Each structure stands twice: as structure tokens, then as C-alpha cells.
file target.cif (mmCIF, C-alpha atoms, pLDDT in the B column; chains and numbers go by the auth columns)
data_input
#
loop_
_atom_site.group_PDB
_atom_site.id
_atom_site.type_symbol
_atom_site.label_atom_id
_atom_site.label_comp_id
_atom_site.label_asym_id
_atom_site.label_seq_id
_atom_site.Cartn_x
_atom_site.Cartn_y
_atom_site.Cartn_z
_atom_site.B_iso_or_equiv
_atom_site.auth_seq_id
_atom_site.auth_asym_id
ATOM 1 C CA MET A 1 -17.956 5.852 10.215 52.00 72 A
ATOM 2 C CA GLN A 2 -15.260 3.797 11.934 66.00 73 A
ATOM 3 C CA PRO A 3 -14.374 5.659 15.177 75.00 74 A
ATOM 4 C CA TYR A 4 -10.654 4.974 14.743 84.00 75 A
ATOM 5 C CA ILE A 5 -10.481 6.761 11.411 90.00 76 A
ATOM 6 C CA HIS A 6 -9.670 10.131 12.985 90.00 77 A
ATOM 7 C CA ASN A 7 -6.418 8.651 14.345 94.00 78 A
ATOM 8 C CA VAL A 8 -5.237 7.460 10.933 97.00 79 A
ATOM 9 C CA THR A 9 -3.756 9.217 7.880 97.00 80 A
ATOM 10 C CA PRO A 10 -3.759 7.320 4.565 98.00 81 A
ATOM 11 C CA VAL A 11 -0.460 7.502 2.675 98.00 82 A
ATOM 12 C CA VAL A 12 -0.231 6.084 -0.845 98.00 83 A
ATOM 13 C CA LEU A 13 3.098 5.143 -2.428 96.00 84 A
ATOM 14 C CA ALA A 14 2.819 6.650 -5.899 92.00 85 A
ATOM 15 C CA GLY A 15 6.369 7.451 -6.971 81.00 86 A
ATOM 16 C CA GLY A 16 7.246 4.384 -9.045 73.00 87 A
ATOM 17 C CA ARG A 17 8.547 4.616 -12.603 66.00 88 A
ATOM 18 C CA GLY A 18 6.858 1.448 -13.839 54.00 89 A
ATOM 19 C CA THR A 19 9.941 0.387 -15.793 63.00 90 A
ATOM 20 C CA ARG A 20 8.499 -3.016 -16.693 60.00 91 A
ATOM 21 C CA LEU A 21 5.388 -1.324 -18.120 58.00 92 A
ATOM 22 C CA HIS A 22 7.217 1.056 -20.461 55.00 93 A
ATOM 23 C CA ALA A 23 6.575 -1.160 -23.484 60.00 94 A
ATOM 24 C CA ILE A 24 2.827 -0.523 -23.191 65.00 95 A
ATOM 25 C CA VAL A 25 2.493 2.451 -20.787 66.00 96 A
ATOM 26 C CA SER A 26 5.198 5.100 -21.107 66.00 97 A
ATOM 27 C CA ASP A 27 5.832 8.682 -20.059 75.00 98 A
ATOM 28 C CA ILE A 28 3.405 8.667 -17.139 78.00 99 A
ATOM 29 C CA PRO A 29 3.781 7.636 -13.478 82.00 100 A
ATOM 30 C CA LYS A 30 2.867 3.974 -13.040 83.00 101 A
ATOM 31 C CA VAL A 31 -0.111 4.687 -10.760 88.00 102 A
ATOM 32 C CA MET A 32 -1.604 6.925 -13.474 89.00 103 A
ATOM 33 C CA ALA A 33 -1.791 4.048 -15.976 85.00 104 A
ATOM 34 C CA VAL A 34 -5.324 3.832 -17.344 86.00 105 A
ATOM 35 C CA VAL A 35 -7.278 0.836 -16.095 87.00 106 A
ATOM 36 C CA ARG A 36 -10.868 0.358 -17.244 88.00 107 A
ATOM 37 C CA GLY A 37 -11.019 3.920 -18.496 89.00 108 A
ATOM 38 C CA ARG A 38 -9.442 5.877 -15.631 90.00 109 A
ATOM 39 C CA PRO A 39 -6.145 6.301 -13.713 91.00 110 A
ATOM 40 C CA PHE A 40 -5.474 3.273 -11.551 91.00 111 A
ATOM 41 C CA ILE A 41 -4.869 5.348 -8.424 94.00 112 A
ATOM 42 C CA THR A 42 -8.460 6.604 -8.488 95.00 113 A
ATOM 43 C CA PHE A 43 -9.672 3.128 -7.515 95.00 114 A
ATOM 44 C CA ILE A 44 -7.610 3.446 -4.319 96.00 115 A
ATOM 45 C CA MET A 45 -8.903 6.936 -3.618 97.00 116 A
ATOM 46 C CA ASP A 46 -12.504 5.760 -4.107 97.00 117 A
ATOM 47 C CA GLN A 47 -11.788 3.007 -1.580 97.00 118 A
ATOM 48 C CA LEU A 48 -10.539 5.589 0.938 97.00 119 A
ATOM 49 C CA ILE A 49 -13.619 7.751 0.403 97.00 120 A
ATOM 50 C CA GLU A 50 -15.896 4.750 0.911 95.00 121 A
ATOM 51 C CA ALA A 51 -14.167 4.091 4.248 95.00 122 A
ATOM 52 C CA GLY A 52 -14.834 7.677 5.338 94.00 123 A
ATOM 53 C CA PHE A 53 -11.416 9.275 4.910 96.00 124 A
ATOM 54 C CA LYS A 54 -11.310 12.969 4.056 96.00 125 A
ATOM 55 C CA ARG A 55 -7.611 13.352 3.262 96.00 126 A
ATOM 56 C CA VAL A 56 -4.738 11.437 1.705 98.00 127 A
ATOM 57 C CA ILE A 57 -1.002 11.961 1.230 98.00 128 A
ATOM 58 C CA LEU A 58 0.518 10.803 -2.052 97.00 129 A
ATOM 59 C CA CYS A 59 4.240 9.998 -2.018 96.00 130 A
ATOM 60 C CA VAL A 60 5.343 11.021 -5.487 94.00 131 A
ATOM 61 C CA GLY A 61 8.602 11.023 -7.391 88.00 132 A
ATOM 62 C CA TYR A 62 8.793 10.095 -11.071 83.00 133 A
ATOM 63 C CA LEU A 63 6.944 12.721 -13.160 84.00 134 A
ATOM 64 C CA ALA A 64 5.394 14.126 -9.990 88.00 135 A
ATOM 65 C CA GLU A 65 4.437 17.392 -11.684 91.00 136 A
ATOM 66 C CA MET A 66 2.338 15.504 -14.218 89.00 137 A
ATOM 67 C CA MET A 67 0.470 13.702 -11.478 90.00 138 A
ATOM 68 C CA ILE A 68 -0.144 16.881 -9.495 93.00 139 A
ATOM 69 C CA GLU A 69 -1.377 18.686 -12.600 92.00 140 A
ATOM 70 C CA THR A 70 -3.732 15.820 -13.491 91.00 141 A
ATOM 71 C CA LEU A 71 -5.157 15.012 -10.052 93.00 142 A
ATOM 72 C CA GLY A 72 -4.914 18.438 -8.429 94.00 143 A
ATOM 73 C CA TYR A 73 -5.461 18.842 -4.703 97.00 144 A
ATOM 74 C CA GLU A 74 -8.904 17.320 -4.372 96.00 145 A
ATOM 75 C CA TYR A 75 -10.535 14.180 -5.714 96.00 146 A
ATOM 76 C CA ARG A 76 -14.281 14.097 -5.106 95.00 147 A
ATOM 77 C CA ASN A 77 -14.391 15.040 -1.385 94.00 148 A
ATOM 78 C CA LEU A 78 -10.891 13.743 -0.659 97.00 149 A
ATOM 79 C CA SER A 79 -8.206 16.359 0.062 97.00 150 A
ATOM 80 C CA ILE A 80 -4.817 15.505 -1.471 98.00 151 A
ATOM 81 C CA LYS A 81 -1.386 16.481 -0.183 97.00 152 A
ATOM 82 C CA TYR A 82 1.843 15.549 -1.964 97.00 153 A
ATOM 83 C CA SER A 83 5.141 14.425 -0.490 96.00 154 A
ATOM 84 C CA GLN A 84 7.633 14.775 -3.337 94.00 155 A
ATOM 85 C CA GLU A 85 10.790 12.729 -2.857 92.00 156 A
ATOM 86 C CA PRO A 86 14.058 14.313 -4.034 91.00 157 A
ATOM 87 C CA TYR A 87 15.158 10.863 -5.286 90.00 158 A
ATOM 88 C CA ALA A 88 13.931 7.269 -4.959 90.00 159 A
ATOM 89 C CA LEU A 89 13.720 6.390 -1.257 93.00 160 A
ATOM 90 C CA GLY A 90 12.037 2.972 -1.293 92.00 161 A
ATOM 91 C CA THR A 91 8.785 2.073 0.457 93.00 162 A
ATOM 92 C CA GLY A 92 10.066 2.860 3.938 95.00 163 A
ATOM 93 C CA GLY A 93 12.089 5.901 2.980 95.00 164 A
ATOM 94 C CA ALA A 94 9.109 7.409 1.166 95.00 165 A
ATOM 95 C CA VAL A 95 6.751 7.193 4.144 96.00 166 A
ATOM 96 C CA LYS A 96 9.498 8.502 6.437 96.00 167 A
ATOM 97 C CA TYR A 97 9.897 11.514 4.124 96.00 168 A
ATOM 98 C CA ALA A 98 6.165 12.177 4.433 97.00 169 A
ATOM 99 C CA ILE A 99 6.186 12.170 8.270 96.00 170 A
ATOM 100 C CA PRO A 100 6.121 16.014 8.587 96.00 171 A
ATOM 101 C CA LEU A 101 2.750 16.009 6.808 97.00 172 A
ATOM 102 C CA ILE A 102 1.234 13.395 9.133 96.00 173 A
ATOM 103 C CA GLU A 103 -0.460 14.645 12.287 93.00 174 A
ATOM 104 C CA THR A 104 -2.273 11.480 13.383 96.00 175 A
ATOM 105 C CA SER A 105 -0.968 8.685 15.610 96.00 176 A
ATOM 106 C CA HIS A 106 -1.243 6.026 12.885 97.00 177 A
ATOM 107 C CA ILE A 107 -0.489 5.641 9.174 98.00 178 A
ATOM 108 C CA LEU A 108 -2.471 3.554 6.698 98.00 179 A
ATOM 109 C CA LEU A 109 0.172 2.880 4.052 98.00 180 A
ATOM 110 C CA MET A 110 -0.983 1.628 0.656 97.00 181 A
ATOM 111 C CA ASN A 111 0.848 0.613 -2.487 94.00 182 A
ATOM 112 C CA GLY A 112 -0.354 2.736 -5.368 93.00 183 A
ATOM 113 C CA ASP A 113 0.145 0.018 -7.984 90.00 184 A
ATOM 114 C CA SER A 114 -2.053 -2.659 -6.420 91.00 185 A
ATOM 115 C CA PHE A 115 -5.652 -2.867 -5.274 94.00 186 A
ATOM 116 C CA ILE A 116 -7.674 -5.241 -3.131 95.00 187 A
ATOM 117 C CA ASN A 117 -11.301 -4.553 -2.324 94.00 188 A
ATOM 118 C CA ALA A 118 -10.858 -4.750 1.452 95.00 189 A
ATOM 119 C CA ASP A 119 -13.205 -2.971 3.852 94.00 190 A
ATOM 120 C CA LEU A 120 -10.684 -0.483 5.233 96.00 191 A
ATOM 121 C CA GLY A 121 -12.951 0.649 8.065 94.00 192 A
ATOM 122 C CA TYR A 122 -13.377 -2.926 9.248 94.00 193 A
ATOM 123 C CA PHE A 123 -9.613 -3.490 8.907 96.00 194 A
ATOM 124 C CA LEU A 124 -8.924 -0.530 11.217 96.00 195 A
ATOM 125 C CA GLY A 125 -11.377 -1.801 13.822 95.00 196 A
ATOM 126 C CA TRP A 126 -9.917 -5.313 13.615 95.00 197 A
ATOM 127 C CA HIS A 127 -6.404 -3.939 14.134 96.00 198 A
ATOM 128 C CA PHE A 128 -7.184 -1.756 17.141 95.00 199 A
ATOM 129 C CA ASP A 129 -9.574 -4.240 18.764 94.00 200 A
ATOM 130 C CA ASN A 130 -6.885 -6.938 18.612 94.00 201 A
ATOM 131 C CA LYS A 131 -4.243 -4.490 19.882 94.00 202 A
ATOM 132 C CA PHE A 132 -1.708 -5.324 17.187 95.00 203 A
ATOM 133 C CA LYS A 133 1.282 -3.005 16.857 94.00 204 A
ATOM 134 C CA ILE A 134 1.332 -3.418 13.068 96.00 205 A
ATOM 135 C CA SER A 135 -1.177 -5.041 10.745 97.00 206 A
ATOM 136 C CA MET A 136 -1.108 -5.997 7.071 96.00 207 A
ATOM 137 C CA VAL A 137 -3.858 -6.938 4.659 97.00 208 A
ATOM 138 C CA LEU A 138 -3.194 -10.343 3.108 96.00 209 A
ATOM 139 C CA SER A 139 -4.564 -11.893 -0.068 94.00 210 A
ATOM 140 C CA GLU A 140 -4.691 -15.561 -1.010 91.00 211 A
ATOM 141 C CA VAL A 141 -3.245 -16.190 -4.471 88.00 212 A
ATOM 142 C CA TYR A 142 -2.807 -19.303 -6.567 85.00 213 A
ATOM 143 C CA ASP A 143 0.883 -18.680 -7.280 81.00 214 A
ATOM 144 C CA VAL A 144 2.972 -17.049 -4.540 81.00 215 A
ATOM 145 C CA SER A 145 6.236 -17.292 -6.506 80.00 216 A
ATOM 146 C CA ARG A 146 5.937 -13.763 -7.903 78.00 217 A
ATOM 147 C CA TYR A 147 5.253 -12.150 -4.535 79.00 218 A
ATOM 148 C CA GLY A 148 6.832 -14.175 -1.781 77.00 219 A
ATOM 149 C CA SER A 149 4.414 -15.184 0.956 87.00 220 A
ATOM 150 C CA VAL A 150 3.659 -15.029 4.662 91.00 221 A
ATOM 151 C CA LYS A 151 2.755 -17.588 7.286 92.00 222 A
ATOM 152 C CA ILE A 152 0.076 -16.872 9.899 94.00 223 A
ATOM 153 C CA ASN A 153 -1.088 -18.747 12.967 94.00 224 A
ATOM 154 C CA GLU A 154 -4.595 -19.419 14.277 93.00 225 A
ATOM 155 C CA LYS A 155 -4.658 -15.998 15.974 93.00 226 A
ATOM 156 C CA GLN A 156 -3.933 -14.293 12.629 95.00 227 A
ATOM 157 C CA VAL A 157 -0.457 -13.291 13.751 95.00 228 A
ATOM 158 C CA ILE A 158 2.193 -13.361 11.025 95.00 229 A
ATOM 159 C CA THR A 159 4.919 -15.832 11.983 93.00 230 A
ATOM 160 C CA ASP A 160 7.214 -15.705 8.945 91.00 231 A
ATOM 161 C CA PHE A 161 7.989 -13.847 5.743 89.00 232 A
ATOM 162 C CA ILE A 162 9.034 -16.204 2.960 85.00 233 A
ATOM 163 C CA GLU A 163 11.138 -14.976 0.053 77.00 234 A
ATOM 164 C CA LYS A 164 10.127 -15.475 -3.556 75.00 235 A
ATOM 165 C CA SER A 165 10.826 -18.930 -4.977 70.00 236 A
ATOM 166 C CA THR A 166 10.215 -20.815 -8.202 71.00 237 A
ATOM 167 C CA GLU A 167 7.712 -23.141 -6.533 72.00 238 A
ATOM 168 C CA ILE A 168 4.144 -22.561 -7.697 72.00 239 A
ATOM 169 C CA LYS A 169 1.715 -22.962 -4.811 80.00 240 A
ATOM 170 C CA THR A 170 -1.269 -21.280 -3.198 87.00 241 A
ATOM 171 C CA GLY A 171 -0.637 -19.057 -0.200 88.00 242 A
ATOM 172 C CA TRP A 172 -1.167 -15.737 1.550 92.00 243 A
ATOM 173 C CA VAL A 173 0.740 -12.729 0.240 92.00 244 A
ATOM 174 C CA ASN A 174 1.184 -9.110 1.249 92.00 245 A
ATOM 175 C CA ALA A 175 -1.632 -7.138 -0.428 94.00 246 A
ATOM 176 C CA GLY A 176 0.196 -3.814 -0.050 93.00 247 A
ATOM 177 C CA ILE A 177 -1.825 -2.276 2.792 97.00 248 A
ATOM 178 C CA TYR A 178 -0.209 -1.662 6.200 97.00 249 A
ATOM 179 C CA LEU A 179 -1.233 0.029 9.430 97.00 250 A
ATOM 180 C CA PHE A 180 1.624 1.453 11.520 95.00 251 A
ATOM 181 C CA PRO A 181 2.033 3.746 14.493 96.00 252 A
ATOM 182 C CA ARG A 182 3.555 6.982 13.220 96.00 253 A
ATOM 183 C CA GLU A 183 6.186 6.899 15.970 96.00 254 A
ATOM 184 C CA LEU A 184 7.426 3.480 14.854 95.00 255 A
ATOM 185 C CA ILE A 185 8.164 4.715 11.330 94.00 256 A
ATOM 186 C CA ASP A 186 9.732 7.897 12.678 93.00 257 A
ATOM 187 C CA ALA A 187 12.020 6.023 15.077 94.00 258 A
ATOM 188 C CA SER A 188 12.990 3.106 12.836 93.00 259 A
ATOM 189 C CA ILE A 189 14.000 4.761 9.554 94.00 260 A
ATOM 190 C CA GLU A 190 16.781 7.277 8.968 93.00 261 A
ATOM 191 C CA PRO A 191 15.776 10.445 7.110 92.00 262 A
ATOM 192 C CA ASN A 192 16.514 10.711 3.390 92.00 263 A
ATOM 193 C CA ALA A 193 17.784 7.123 3.242 91.00 264 A
ATOM 194 C CA PHE A 194 16.636 4.390 0.872 94.00 265 A
ATOM 195 C CA TYR A 195 14.769 1.828 2.951 94.00 266 A
ATOM 196 C CA SER A 196 12.514 -1.123 2.161 92.00 267 A
ATOM 197 C CA LEU A 197 9.698 -2.001 4.536 91.00 268 A
ATOM 198 C CA GLU A 198 9.374 -5.465 3.029 87.00 269 A
ATOM 199 C CA LYS A 199 13.041 -6.394 3.331 87.00 270 A
ATOM 200 C CA GLY A 200 14.040 -4.235 6.300 90.00 271 A
ATOM 201 C CA LEU A 201 11.476 -3.264 8.910 91.00 272 A
ATOM 202 C CA MET A 202 8.968 -6.104 8.730 90.00 273 A
ATOM 203 C CA PRO A 203 11.398 -9.051 8.989 88.00 274 A
ATOM 204 C CA ALA A 204 13.326 -7.221 11.726 90.00 275 A
ATOM 205 C CA LEU A 205 10.209 -6.822 13.878 92.00 276 A
ATOM 206 C CA ILE A 206 8.520 -10.163 13.392 90.00 277 A
ATOM 207 C CA ASN A 207 10.069 -11.763 16.488 86.00 278 A
ATOM 208 C CA LYS A 208 9.741 -8.618 18.602 91.00 279 A
ATOM 209 C CA ILE A 209 6.087 -7.601 18.232 92.00 280 A
ATOM 210 C CA SER A 210 2.795 -9.097 17.072 91.00 281 A
ATOM 211 C CA ILE A 211 2.118 -8.294 13.420 95.00 282 A
ATOM 212 C CA GLY A 212 -1.487 -8.942 12.484 96.00 283 A
ATOM 213 C CA GLY A 213 -2.378 -10.553 9.185 96.00 284 A
ATOM 214 C CA TYR A 214 -5.870 -9.539 8.039 97.00 285 A
ATOM 215 C CA CYS A 215 -6.980 -12.197 5.551 95.00 286 A
ATOM 216 C CA CYS A 216 -9.044 -10.717 2.719 95.00 287 A
ATOM 217 C CA LYS A 217 -10.824 -13.007 0.260 89.00 288 A
ATOM 218 C CA SER A 218 -11.060 -10.384 -2.487 91.00 289 A
ATOM 219 C CA LYS A 219 -8.910 -10.624 -5.588 90.00 290 A
ATOM 220 C CA LEU A 220 -5.531 -8.859 -5.571 92.00 291 A
ATOM 221 C CA ILE A 221 -5.155 -6.640 -8.637 90.00 292 A
ATOM 222 C CA ASP A 222 -1.817 -5.116 -9.589 85.00 293 A
ATOM 223 C CA ILE A 223 -0.268 -3.375 -12.561 82.00 294 A
ATOM 224 C CA GLY A 224 3.386 -4.198 -11.990 74.00 295 A
ATOM 225 C CA THR A 225 3.976 -6.101 -15.236 75.00 296 A
ATOM 226 C CA PRO A 226 2.481 -6.020 -18.741 69.00 297 A
ATOM 227 C CA GLU A 227 0.768 -9.330 -18.003 77.00 298 A
ATOM 228 C CA SER A 228 -0.812 -8.202 -14.725 79.00 299 A
ATOM 229 C CA TYR A 229 -1.738 -4.843 -16.262 76.00 300 A
ATOM 230 C CA LYS A 230 -3.640 -6.672 -18.999 79.00 301 A
ATOM 231 C CA VAL A 231 -5.448 -8.763 -16.378 79.00 302 A
ATOM 232 C CA ALA A 232 -6.302 -5.625 -14.356 82.00 303 A
ATOM 233 C CA ASN A 233 -8.112 -4.252 -17.396 81.00 304 A
ATOM 234 C CA GLN A 234 -10.137 -7.438 -17.708 77.00 305 A
ATOM 235 C CA VAL A 235 -11.154 -8.358 -14.157 64.00 306 A
ATOM 236 C CA SER A 236 -13.990 -6.877 -12.125 54.00 307 A
ATOM 237 C CA GLU A 237 -13.670 -5.751 -8.521 53.00 308 A
ATOM 238 C CA GLU A 238 -14.945 -8.254 -5.972 50.00 309 A
#
call {"tool": "encode", "arguments": {"input": "target.cif", "output": "C-alpha cells"}}
result
Amino acid sequence: MQPYIHNVTPVVLAGGRGTRLHAIVSDIPKVMAVVRGRPFITFIMDQLIEAGFKRVILCVGYLAEMMIETLGYEYRNLSIKYSQEPYALGTGGAVKYAIPLIETSHILLMNGDSFINADLGYFLGWHFDNKFKISMVLSEVYDVSRYGSVKINEKQVITDFIEKSTEIKTGWVNAGIYLFPRELIDASIEPNAFYSLEKGLMPALINKISIGGYCCKSKLIDIGTPESYKVANQVSEE
């Protein structure tokens, strides 16, 4: 087991409505959409178990009661706690709301509607060994226009966040997995306020601290649109 794991609490953002999916997946939280025969979020929880984690916090909102009733408070040997937002708080606001449940020095924040088969234990070691303040898992995709992209240097430090554009090109994108110090989230985000990590915190810090970009060759799978949801049901994990 990775020795750093005891200093890290996984937090999964699972409160999205999945508005763009309503034509094919309705009346359930987006992360509970069935992919290859089971709720999508269970792939993420299996990944956490494989890394050696024993607990996870799910940030829930839309139809939270349905998710709690379905998943319960334990998945395999993974203990589940829920942080139920009173209203939509954004990616940053959601993790800030969950801070009272987090007792460790660091937070492994994961998007609940995307999956990349990264070795999370290795990612933690890479982050702490390189002494980055923040790290993100990156994925190389053929078309960055849907995601926006990032630039990294030879030391795997992120040097720029590039907004979405209509240009179709290959590049590195945010794979939806972050590692933060708990104190940074606590100090940077106002309580009960809507806040976006992608548009607020990360661009604001890029010239102040070193943000590590962990390049993962595995395929990025997401269920954000009907098209990507269809692909998620077809592809195999790498």
C-alpha cells in the first residue's frame, strides 16, 4: 500500500443533474447512469479500493436520497460518507462544503462522471515525491475542443490552462482527478458559495505555485453527453 494514502481522503463529485443526458438517462443522478451493466460511479469506487483506500466522501445533490438508498454506506470494503449540498455549489464549492468530514491533510478530488484507469497509488507517490502543492491527472485526447487543454513543461509542471476552442487537435486535458492540501481548499473558497475549481482556483494559482501534471496514457471515459455515454458503454478499460 502507498504510504501516503493515510494522509489522503478521496472525495467524489457526484451531485450533477446530467441535463444533457436526460433524453436517454432520466430521473437518476448522472453518476448512477448504468454503464456496462452497473452504476458508473462503481468503477471509480473500485479504482479507489484497488489503490488501498478504505473510505470515500461523495458530494451529492440532485436526487441524493436515491443515491444513498441505492449505494448505502458501504461498497465492498469501502466506507461511504455523504456530503449533501443544500443547492448547487460547483466543483470548488462542493469540496469546500465537505471539509468538515475530511480529517486528513490532503484531498483526492475526483469527478464522478469521468473515469481514467490511472494508478492512484503511484499518482500519490509521484505528487509527494516531487513536492508539488497541487497535482492533476492529465489525459491525451485526439480532440481537445470539447474539454479545453493544458500545457506542461519538461518537468511536468502545468504552465497554462487553455479555454475550449473550435480547433480540433490532439493535446493534454484535465482528466478530473486532483490532489490538494485540505488547508488550501479551506482557505481559498468561501463557505456556501458557488465556485469553480477549473475557472477560479486553478488559473489563479498557476503563476504562484507549481501545479504538477501527471500524464496518464489510459483512455479518458466520460458520460457527460449522449454521444460520450454511448462510447462509454462500448469501450473497455485500459
call {"tool": "residues_around", "arguments": {"input": "target.cif", "residues": "segment 228-235 of chain A", "least_positions_apart": "4", "cutoff": "10 Å", "atoms": "all atoms listed in the file", "output": "mmCIF file with C-alpha atoms, keeping the file's coordinate frame"}}
result
data_model
loop_
_atom_site.group_PDB
_atom_site.id
_atom_site.type_symbol
_atom_site.label_atom_id
_atom_site.label_comp_id
_atom_site.auth_asym_id
_atom_site.auth_seq_id
_atom_site.Cartn_x
_atom_site.Cartn_y
_atom_site.Cartn_z
ATOM 1 C CA PHE A 203 -1.708 -5.324 17.187
ATOM 2 C CA SER A 206 -1.177 -5.041 10.745
ATOM 3 C CA MET A 207 -1.108 -5.997 7.071
ATOM 4 C CA VAL A 215 2.972 -17.049 -4.540
ATOM 5 C CA SER A 216 6.236 -17.292 -6.506
ATOM 6 C CA ARG A 217 5.937 -13.763 -7.903
ATOM 7 C CA TYR A 218 5.253 -12.150 -4.535
ATOM 8 C CA GLY A 219 6.832 -14.175 -1.781
ATOM 9 C CA SER A 220 4.414 -15.184 0.956
ATOM 10 C CA VAL A 221 3.659 -15.029 4.662
ATOM 11 C CA LYS A 222 2.755 -17.588 7.286
ATOM 12 C CA ILE A 223 0.076 -16.872 9.899
ATOM 13 C CA ASN A 224 -1.088 -18.747 12.967
ATOM 14 C CA VAL A 244 0.740 -12.729 0.240
ATOM 15 C CA ASN A 245 1.184 -9.110 1.249
ATOM 16 C CA GLU A 269 9.374 -5.465 3.029
ATOM 17 C CA LYS A 270 13.041 -6.394 3.331
ATOM 18 C CA MET A 273 8.968 -6.104 8.730
ATOM 19 C CA PRO A 274 11.398 -9.051 8.989
ATOM 20 C CA ILE A 277 8.520 -10.163 13.392
ATOM 21 C CA ASN A 278 10.069 -11.763 16.488
ATOM 22 C CA ILE A 280 6.087 -7.601 18.232
ATOM 23 C CA SER A 281 2.795 -9.097 17.072
ATOM 24 C CA ILE A 282 2.118 -8.294 13.420
ATOM 25 C CA GLY A 283 -1.487 -8.942 12.484
ATOM 26 C CA GLY A 284 -2.378 -10.553 9.185
ATOM 27 C CA TYR A 285 -5.870 -9.539 8.039
#
call {"tool": "atom_distance", "arguments": {"input": "target.cif", "atom1": "atom CA of Pro262 of chain A", "atom2": "atom CA of Pro171 of chain A"}}
result
11.2 Å
call {"tool": "resolve_selection", "arguments": {"input": "target.cif", "expression": "the PyMOL selection byres ((chain A and resi 113-120) around 12)", "output": "ChimeraX atom specification"}}
result
/A:72,76,79-85,102-112,121-129,138,141-142,145-151,179-192,247-248,292-293,303,307-308
call {"tool": "closest_residue", "arguments": {"input": "target.cif", "among": "A:His198, A:Lys240, A:Arg253, A:His177", "to": "Gln227 of chain A", "atoms": "all atoms listed in the file"}}
result
A:His198
call {"tool": "resolve_selection", "arguments": {"input": "target.cif", "expression": "the PyMOL selection byres ((chain A and resi 153-167) around 7)", "output": "PyMOL selection string"}}
result
chain A and resi 128-132+151-152+168-170+256-257+260+262-268
call {"tool": "residues_near_point", "arguments": {"input": "target.cif", "point": "(-8.5, 6.6, 16.8)", "cutoff": "9 Å", "atoms": "all atoms listed in the file", "output": "ChimeraX atom specification"}}
result
/A:73-79,175-177,199
call {"tool": "residues_around", "arguments": {"input": "target.cif", "residues": "Glu211 of chain A", "least_positions_apart": "4", "cutoff": "8 Å", "atoms": "all atoms listed in the file", "output": "ChimeraX atom specification"}}
result
/A:241-244,286-288,290
call {"tool": "residues_near_point", "arguments": {"input": "target.cif", "point": "(0.3, -0.8, 12.6)", "cutoff": "6 Å", "atoms": "only C-alpha atoms", "output": "PyMOL selection string"}}
result
chain A and resi 204-206+250-252
call {"tool": "atom_distance", "arguments": {"input": "target.cif", "atom1": "atom CA of Phe194 of chain A", "atom2": "atom CA of Leu209 of chain A"}}
result
11.0 Å
call {"tool": "axis_aligned_box", "arguments": {"input": "target.cif", "around": "segment 189-207 of chain A", "padding_each_side": "4 Å", "output": "JSON"}}
result
{"center_x": -6.0, "center_y": -3.1, "center_z": 10.7, "size_x": 22.7, "size_y": 15.6, "size_z": 26.4}
call {"tool": "atom_distance", "arguments": {"input": "target.cif", "atom1": "atom CA of Ile178 of chain A", "atom2": "atom CA of Glu225 of chain A"}}
result
25.9 Å
call {"tool": "residues_around", "arguments": {"input": "target.cif", "residues": "Leu134 of chain A", "least_positions_apart": "3", "cutoff": "10 Å", "atoms": "only C-alpha atoms", "output": "MDAnalysis selection string"}}
result
chainID A and resid 86:88 98:101 131 137:139
call {"tool": "write_last_selection", "arguments": {"input": "target.cif", "atoms": "C-alpha atoms", "output": "compact mmCIF listing (two decimals), in the coordinates of the input"}}
result
# COMPACT_ATOMS: atom_id res chain seq x y z
CA GLY A 86 6.37 7.45 -6.97
CA GLY A 87 7.25 4.38 -9.04
CA ARG A 88 8.55 4.62 -12.60
CA ASP A 98 5.83 8.68 -20.06
CA ILE A 99 3.40 8.67 -17.14
CA PRO A 100 3.78 7.64 -13.48
CA LYS A 101 2.87 3.97 -13.04
CA VAL A 131 5.34 11.02 -5.49
CA MET A 137 2.34 15.50 -14.22
CA MET A 138 0.47 13.70 -11.48
CA ILE A 139 -0.14 16.88 -9.49
